[in-house]
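In what follows, a single structure is set out as structure tokens and then discussed.
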Amino acid sequence: MTLDISFYWKLFMRRLPVMMLFVLLCSGLGVITAMKLPKVWATSARLLLEAPQIPDNMVTSTVQTDATEQLDIIQQKLLTRANLIDIANRFRVFSNISEMNPDVVFSEMRNAVQIKRSAGRNRATLMTISFEGRSGRVVANVVNELVTLVLAETSSFRITRAENTLDFFRHEAERLGTKLDEQSAKIAVFKSENADALPDDQRYRLDRLTLLQERLAQMEREKGAAKGQRNEIVRLYESTGQVRQGNENRNRSPQEEQLLVAKAELERARSIYSESHPQVLRLSNLVERLETLVSAQIDADNQLDETEEIEIRSAEDVLFQTALADIDTRTEFLTAEITRVQGEMQALQEANARSAANGIALSSLERDYANTQSRYNVTLNNLNAAQMGERIESTAQGQRITVIENANIPQEAAGPNRPLVAATGGLIGLALAAAYFMLLEVLNRVIRRPAELMHKFNIIPIIVVPYMETRAQRTMRHGMRMAAVLVVLIAVPLGLWYIDANYVPLDLIVQKGLARLGLG
């Protein structure tokens with residue numbers, strides 16, 4: 001079915017009054033709204049995020065927050081509910097703010113504040129803060145207050161982080177220093193309690209133990225020799241009544257001298273070798289032969305005068321007792337010294353046995369001390385860096401935000417865009433008119449042309465008789481059309497006036513609508 005232009009033109013002309021009514025009504029509302037909308041004042045301030053004044057390769061700041069992250073944090077803190085409501089109350093941003101709900105105030109302030117950032121590679125990081133309000137002085141005050149909050153928040157943000165970092169490492173250094181002292185005290189107490197069994201003295205104890213073993217063997221030999229000498233003196237005194245010592249060697253015969261030497265060598269050999277050793281057997285045979293010879297000589301010497309013999313025996317008795325006392329004293333000394341050396345050797349052996357366990361325990365204590373010392377050294381280095389970082393931030397030598405352009409009181413209003421508002425009303429009217437025309441066509445199911453009859457029933461009519469209205473029907477149709485026009489011209493404006501006067505101003509409704517559409 002081809003498009004019947006003449007038919008639709010007639011329909012357009014027939015519906016034109018109602019369509020024009022939509023256009024005129026919306027255009028009129030747009031013009032009235034554009035005239036009634038209050039002036040909107042706007043201003044802005046620009047801020048620059050500057051790089052640190054001191055290069056990072058010289059002194060690194062302890063605040064390592066990325067520029068974008070830092071600006072995000074500041075923006076979120078800036079647009080908090082408490083801040084925005086406080087600013088609105090202090091500067092009387094809205095004329096009827098005392099009657100407004102805090103939620104509405106917060107929402108309006110969030111819509112009025114605009115924060116934009118621009119950054120990029122090899123580009124400066126900028127922040128622009130804008131605000132729209134009812135007067136130039138109000139918007140300038142609000143923007144300057146926001147800028148002040150940004151600068152204060154930036155300084156507080158960086159200084160607080162630097163101080164927190166410094167406090168952390170200061171407390172950590174104190175804690176590790178105390179731990180080092182405690183660990184050092186533990187090591188000192190352990191060494192004091194185990195001074196005789198420390199692994200550092202192990203070599204000394206081994207050498208000392210070897211020396212004592214040699215000394216013990218020597219004292220055992222000396223003790224054995226002294227005991228043999230005493231037995232020999234007793235035997236000699238009992239058999240001859242004489243003690244051959246000191247200056248009386250001149251009265252001994254050569255056989256007696258040989259016998260004494262042989263007996264001494266025999267005692268020394270017995271302390272070293274067993275009884276079956278050839279050296280011991282040879283010396284034993286020699287002693288027996290010499291004793292036989294000496295006994296024969298003694299028998300011959302027994303023929304001396306009794307008086308001389310009594311005098312000799314009296315002197316020999318004194319010498320005998322003296323010799324035994326000397327030998328007994330020396331034997332007691334050697335016995336006591338042997339006991340002491342054995343006790344010392346036992347103590348050294350016990351210390352050597354404990355030395356391994358003490359070495360493990362001491363190594364553990366010293367390892368903990370070394371680990372703590374390493375952490376303490378690292379913490380001191382970080383503490384020095386934190387002190388420098390805190391100094392940099394407190395003197396504003398680190399990364400900071402500076403004001404490039406403050407907010408000035410605007411001399412001209414920034415809005416509303418009255419031509420755009422009026423044109424928007426006209427466009428809405430045209431859209432309603434087109435929608436009215438299309439809606440009637442979609443809803444209309446009446447056959448109005450022969451072409452529609454042929455298309456719908458697939459027939460070719462011979463003749464088509466149009467629908468003939470009576471005069472009454474025509475009059476009623478024109479009356480209903482005029483009534484609709486009157487309703488649109490009178491009832492709609494009255495209804496809009498009633499809403500504007502008793503509920504919500506129309507300009508506010510239109511302003512919100514334009515703001516949602518992005519046209520405000």
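Residues are named by chain letter and number: chains run A, B, ... in the order of the structure tokens, numbers start at 1 in each chain, and ligands are numbered from 1 in the order shown.
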Met19 of chain A surroundings by only C-alpha atoms, 9 Å radius, close-in-sequence under 5 positions cut, as a PDB file with N, CA, C and O atoms, in the first residue's frame:
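Okay, out33.pdb is ready:
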```
ATOM      1  N   PHE A  12      -3.538  15.905   8.798  1.00  0.00           N
ATOM      2  CA  PHE A  12      -2.677  16.853   9.516  1.00  0.00           C
ATOM      3  C   PHE A  12      -3.372  18.188   9.690  1.00  0.00           C
ATOM      4  O   PHE A  12      -3.336  18.782  10.788  1.00  0.00           O
ATOM      5  N   LEU A  24       1.884  25.470  21.389  1.00  0.00           N
ATOM      6  CA  LEU A  24       1.776  26.789  22.003  1.00  0.00           C
ATOM      7  C   LEU A  24       1.790  26.694  23.527  1.00  0.00           C
ATOM      8  O   LEU A  24       2.411  27.516  24.206  1.00  0.00           O
ATOM      9  N   GLY A 429       6.718  20.654  23.148  1.00  0.00           N
ATOM     10  CA  GLY A 429       5.402  20.807  22.503  1.00  0.00           C
ATOM     11  C   GLY A 429       5.344  20.094  21.172  1.00  0.00           C
ATOM     12  O   GLY A 429       4.351  19.419  20.859  1.00  0.00           O
ATOM     13  N   LEU A 430       6.402  20.254  20.362  1.00  0.00           N
ATOM     14  CA  LEU A 430       6.439  19.549  19.074  1.00  0.00           C
ATOM     15  C   LEU A 430       6.427  18.038  19.272  1.00  0.00           C
ATOM     16  O   LEU A 430       5.759  17.305  18.518  1.00  0.00           O
ATOM     17  N   LEU A 432       5.085  16.420  21.788  1.00  0.00           N
ATOM     18  CA  LEU A 432       3.735  16.021  22.196  1.00  0.00           C
ATOM     19  C   LEU A 432       2.776  16.044  21.020  1.00  0.00           C
ATOM     20  O   LEU A 432       1.893  15.170  20.901  1.00  0.00           O
ATOM     21  N   ALA A 433       2.926  17.041  20.137  1.00  0.00           N
ATOM     22  CA  ALA A 433       2.051  17.117  18.948  1.00  0.00           C
ATOM     23  C   ALA A 433       2.273  15.909  18.056  1.00  0.00           C
ATOM     24  O   ALA A 433       1.313  15.278  17.576  1.00  0.00           O
ATOM     25  N   ALA A 434       3.525  15.570  17.788  1.00  0.00           N
ATOM     26  CA  ALA A 434       3.815  14.404  16.948  1.00  0.00           C
ATOM     27  C   ALA A 434       3.317  13.124  17.608  1.00  0.00           C
ATOM     28  O   ALA A 434       2.773  12.229  16.942  1.00  0.00           O
ATOM     29  N   TYR A 436       0.826  12.921  19.668  1.00  0.00           N
ATOM     30  CA  TYR A 436      -0.641  12.935  19.555  1.00  0.00           C
ATOM     31  C   TYR A 436      -1.076  12.421  18.191  1.00  0.00           C
ATOM     32  O   TYR A 436      -1.990  11.584  18.076  1.00  0.00           O
ATOM     33  N   PHE A 437      -0.417  12.912  17.143  1.00  0.00           N
ATOM     34  CA  PHE A 437      -0.780  12.499  15.777  1.00  0.00           C
ATOM     35  C   PHE A 437      -0.541  11.002  15.594  1.00  0.00           C
ATOM     36  O   PHE A 437      -1.399  10.277  15.085  1.00  0.00           O
TER      37      PHE A 437
END
```
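When the distance limit is 9 Å and only C-alpha atoms are what count, the residues near Arg230 of chain A, minus those fewer than 2 positions from it on the same chain, are Ala225, Ala226, Lys227, Gly228, Glu232, Ile233, Val234, Arg235, Ala323, Leu324, Ile327 and Asp328 of chain A.
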Just list the residues in segment 68-240 of chain A DSSP gives alpha helix (DSSP H) on the backbone, as an NGL selection string. :A and (68-78 or 81-90 or 102-112 or 136-193 or 202-240)
Output C-alpha atoms of each residue in that selection to a file, as a compact mmCIF listing (two decimals), in the first residue's frame.
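File produced: again-v9.txt:
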```txt
# COMPACT_ATOMS: atom_id res chain seq x y z
CA THR A 68 45.20 10.23 42.27
CA GLU A 69 44.56 8.24 45.44
CA GLN A 70 45.35 11.25 47.61
CA LEU A 71 42.95 13.47 45.65
CA ASP A 72 40.25 10.79 45.86
CA ILE A 73 40.65 10.62 49.63
CA ILE A 74 40.51 14.41 49.96
CA GLN A 75 37.46 14.64 47.70
CA GLN A 76 35.54 12.03 49.68
CA LYS A 77 36.37 13.76 52.97
CA LEU A 78 35.46 17.12 51.48
CA ARG A 81 27.47 15.20 54.88
CA ALA A 82 28.75 17.09 57.93
CA ASN A 83 31.02 19.38 55.89
CA LEU A 84 28.43 20.29 53.27
CA ILE A 85 25.64 20.96 55.76
CA ASP A 86 27.98 23.03 57.94
CA ILE A 87 29.08 25.14 54.95
CA ALA A 88 25.46 25.62 53.83
CA ASN A 89 24.45 26.82 57.30
CA ARG A 90 27.44 29.13 57.79
CA PRO A 102 19.03 18.31 56.22
CA ASP A 103 18.78 15.53 53.65
CA VAL A 104 17.55 18.03 51.07
CA VAL A 105 20.33 20.47 51.99
CA PHE A 106 22.94 17.72 51.60
CA SER A 107 21.50 16.62 48.25
CA GLU A 108 21.34 20.18 46.89
CA MET A 109 24.89 20.88 48.02
CA ARG A 110 26.19 17.70 46.39
CA ASN A 111 24.49 18.70 43.14
CA ALA A 112 25.85 22.25 43.33
CA GLY A 136 27.97 35.69 43.64
CA ARG A 137 29.24 36.34 47.15
CA VAL A 138 27.76 33.08 48.45
CA VAL A 139 29.34 30.92 45.75
CA ALA A 140 32.71 32.68 46.16
CA ASN A 141 32.62 32.11 49.93
CA VAL A 142 31.65 28.46 49.49
CA VAL A 143 34.40 27.74 46.94
CA ASN A 144 37.05 29.50 49.02
CA GLU A 145 35.94 27.55 52.08
CA LEU A 146 36.20 24.31 50.12
CA VAL A 147 39.69 25.30 48.95
CA THR A 148 40.68 26.05 52.55
CA LEU A 149 39.41 22.63 53.61
CA VAL A 150 41.35 20.97 50.78
CA LEU A 151 44.60 22.69 51.77
CA ALA A 152 44.07 21.92 55.45
CA GLU A 153 43.14 18.33 54.72
CA THR A 154 46.20 17.88 52.48
CA SER A 155 48.57 19.25 55.10
CA SER A 156 46.89 17.29 57.90
CA PHE A 157 46.80 14.14 55.77
CA ARG A 158 50.52 14.16 54.98
CA ILE A 159 51.73 15.41 58.36
CA THR A 160 49.54 12.91 60.22
CA ARG A 161 50.83 10.02 58.14
CA ALA A 162 54.43 11.15 58.59
CA GLU A 163 53.96 11.52 62.37
CA ASN A 164 52.24 8.14 62.62
CA THR A 165 55.13 6.53 60.75
CA LEU A 166 57.64 8.27 63.02
CA ASP A 167 55.77 7.20 66.17
CA PHE A 168 55.59 3.61 64.94
CA PHE A 169 59.33 3.31 64.31
CA ARG A 170 60.17 5.18 67.53
CA HIS A 171 58.08 2.76 69.58
CA GLU A 172 59.47 -0.17 67.60
CA ALA A 173 63.04 0.98 68.27
CA GLU A 174 62.28 1.30 71.99
CA ARG A 175 60.65 -2.14 72.04
CA LEU A 176 63.55 -3.79 70.22
CA GLY A 177 66.08 -1.95 72.42
CA THR A 178 64.34 -3.27 75.53
CA LYS A 179 64.27 -6.74 73.99
CA LEU A 180 68.00 -6.50 73.24
CA ASP A 181 68.71 -5.58 76.86
CA GLU A 182 66.60 -8.49 78.09
CA GLN A 183 68.30 -10.89 75.70
CA SER A 184 71.74 -9.60 76.71
CA ALA A 185 70.82 -10.08 80.38
CA LYS A 186 69.69 -13.65 79.64
CA ILE A 187 73.01 -14.41 77.95
CA ALA A 188 74.96 -12.89 80.86
CA VAL A 189 72.95 -14.88 83.43
CA PHE A 190 73.37 -18.09 81.43
CA LYS A 191 77.13 -17.58 81.16
CA SER A 192 77.34 -16.78 84.84
CA GLU A 193 75.38 -19.90 85.83
CA GLN A 202 86.30 -26.42 75.88
CA ARG A 203 89.86 -26.40 74.49
CA TYR A 204 91.26 -25.16 77.82
CA ARG A 205 89.41 -27.87 79.75
CA LEU A 206 90.71 -30.60 77.43
CA ASP A 207 94.27 -29.36 77.77
CA ARG A 208 93.85 -29.07 81.53
CA LEU A 209 92.41 -32.58 81.71
CA THR A 210 95.41 -33.98 79.80
CA LEU A 211 97.81 -32.14 82.09
CA LEU A 212 96.03 -33.44 85.20
CA GLN A 213 96.10 -36.99 83.88
CA GLU A 214 99.86 -36.76 83.40
CA ARG A 215 100.27 -35.20 86.83
CA LEU A 216 98.07 -37.87 88.41
CA ALA A 217 100.18 -40.62 86.84
CA GLN A 218 103.36 -38.95 88.10
CA MET A 219 101.97 -38.59 91.65
CA GLU A 220 100.85 -42.21 91.62
CA ARG A 221 104.41 -43.21 90.71
CA GLU A 222 105.86 -40.96 93.39
CA LYS A 223 103.46 -42.37 95.96
CA GLY A 224 104.36 -45.90 94.97
CA ALA A 225 108.07 -45.07 95.18
CA ALA A 226 107.61 -43.48 98.63
CA LYS A 227 105.69 -46.54 99.85
CA GLY A 228 108.44 -48.83 98.51
CA GLN A 229 111.11 -46.68 100.14
CA ARG A 230 109.27 -46.83 103.49
CA ASN A 231 108.91 -50.62 103.27
CA GLU A 232 112.60 -50.90 102.45
CA ILE A 233 113.61 -48.71 105.40
CA VAL A 234 111.37 -50.71 107.76
CA ARG A 235 112.72 -53.99 106.46
CA LEU A 236 116.29 -52.76 106.65
CA TYR A 237 115.83 -51.42 110.16
CA GLU A 238 114.15 -54.59 111.36
CA SER A 239 116.84 -56.77 109.90
CA THR A 240 119.94 -54.68 110.69
```
Which residue, A:Arg270, A:Ser135, A:Met388, A:Asp200, has the smallest gap to Ala356 of chain A when you use only C-alpha atoms? A:Asp200
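If only C-alpha atoms are the atoms counted, then among A:Ala262, A:Leu198, A:Arg123, A:Asn408 the closest residue to Ser363 of chain A is A:Leu198.
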Quick check for you: according to DSSP on this backbone, which residues of segment 313-459 of chain A are classed as strand (DSSP E or B)? Reply as a PDB file with all heavy atoms, in the first residue's frame.
```pdb
ATOM      1  N   ARG A 400      52.626  18.684  47.703  1.00  0.00           N
ATOM      2  CA  ARG A 400      51.619  19.566  48.298  1.00  0.00           C
ATOM      3  C   ARG A 400      50.690  20.085  47.220  1.00  0.00           C
ATOM      4  O   ARG A 400      50.994  20.022  46.023  1.00  0.00           O
ATOM      5  CB  ARG A 400      52.287  20.729  49.029  1.00  0.00           C
ATOM      6  CG  ARG A 400      53.163  21.591  48.123  1.00  0.00           C
ATOM      7  CD  ARG A 400      53.765  22.744  48.873  1.00  0.00           C
ATOM      8  NE  ARG A 400      54.591  23.559  47.978  1.00  0.00           N
ATOM      9  CZ  ARG A 400      55.130  24.729  48.331  1.00  0.00           C
ATOM     10  NH1 ARG A 400      54.931  25.200  49.549  1.00  0.00           N
ATOM     11  NH2 ARG A 400      55.864  25.409  47.476  1.00  0.00           N
ATOM     12  N   ILE A 401      49.568  20.644  47.683  1.00  0.00           N
ATOM     13  CA  ILE A 401      48.573  21.258  46.788  1.00  0.00           C
ATOM     14  C   ILE A 401      48.625  22.759  46.995  1.00  0.00           C
ATOM     15  O   ILE A 401      48.543  23.242  48.138  1.00  0.00           O
ATOM     16  CB  ILE A 401      47.171  20.709  47.080  1.00  0.00           C
ATOM     17  CG1 ILE A 401      47.095  19.222  46.718  1.00  0.00           C
ATOM     18  CG2 ILE A 401      46.125  21.471  46.292  1.00  0.00           C
ATOM     19  CD1 ILE A 401      45.756  18.588  46.996  1.00  0.00           C
ATOM     20  N   THR A 402      48.772  23.497  45.917  1.00  0.00           N
ATOM     21  CA  THR A 402      48.790  24.958  45.976  1.00  0.00           C
ATOM     22  C   THR A 402      47.653  25.513  45.128  1.00  0.00           C
ATOM     23  O   THR A 402      47.173  24.866  44.185  1.00  0.00           O
ATOM     24  CB  THR A 402      50.124  25.504  45.468  1.00  0.00           C
ATOM     25  OG1 THR A 402      50.352  25.028  44.131  1.00  0.00           O
ATOM     26  CG2 THR A 402      51.272  25.056  46.357  1.00  0.00           C
ATOM     27  N   VAL A 403      47.246  26.727  45.454  1.00  0.00           N
ATOM     28  CA  VAL A 403      46.145  27.386  44.747  1.00  0.00           C
ATOM     29  C   VAL A 403      46.713  28.172  43.579  1.00  0.00           C
ATOM     30  O   VAL A 403      47.565  29.057  43.762  1.00  0.00           O
ATOM     31  CB  VAL A 403      45.363  28.309  45.696  1.00  0.00           C
ATOM     32  CG1 VAL A 403      44.214  28.980  44.954  1.00  0.00           C
ATOM     33  CG2 VAL A 403      44.836  27.518  46.881  1.00  0.00           C
ATOM     34  N   ILE A 404      46.254  27.849  42.386  1.00  0.00           N
ATOM     35  CA  ILE A 404      46.651  28.611  41.205  1.00  0.00           C
ATOM     36  C   ILE A 404      45.751  29.832  41.034  1.00  0.00           C
ATOM     37  O   ILE A 404      46.212  30.932  40.746  1.00  0.00           O
ATOM     38  CB  ILE A 404      46.584  27.726  39.940  1.00  0.00           C
ATOM     39  CG1 ILE A 404      47.558  26.557  40.075  1.00  0.00           C
ATOM     40  CG2 ILE A 404      46.896  28.533  38.703  1.00  0.00           C
ATOM     41  CD1 ILE A 404      47.503  25.607  38.910  1.00  0.00           C
ATOM     42  N   GLU A 405      44.461  29.621  41.223  1.00  0.00           N
ATOM     43  CA  GLU A 405      43.494  30.710  41.020  1.00  0.00           C
ATOM     44  C   GLU A 405      42.398  30.581  42.075  1.00  0.00           C
ATOM     45  O   GLU A 405      41.739  29.547  42.171  1.00  0.00           O
ATOM     46  CB  GLU A 405      42.888  30.617  39.616  1.00  0.00           C
ATOM     47  CG  GLU A 405      41.919  31.734  39.306  1.00  0.00           C
ATOM     48  CD  GLU A 405      41.347  31.627  37.896  1.00  0.00           C
ATOM     49  OE1 GLU A 405      41.768  30.702  37.159  1.00  0.00           O
ATOM     50  OE2 GLU A 405      40.489  32.449  37.550  1.00  0.00           O
ATOM     51  N   GLY A 415      23.772  31.453  34.809  1.00  0.00           N
ATOM     52  CA  GLY A 415      22.575  30.788  34.318  1.00  0.00           C
ATOM     53  C   GLY A 415      21.340  31.398  34.931  1.00  0.00           C
ATOM     54  O   GLY A 415      21.424  32.365  35.690  1.00  0.00           O
TER      55      GLY A 415
END
```
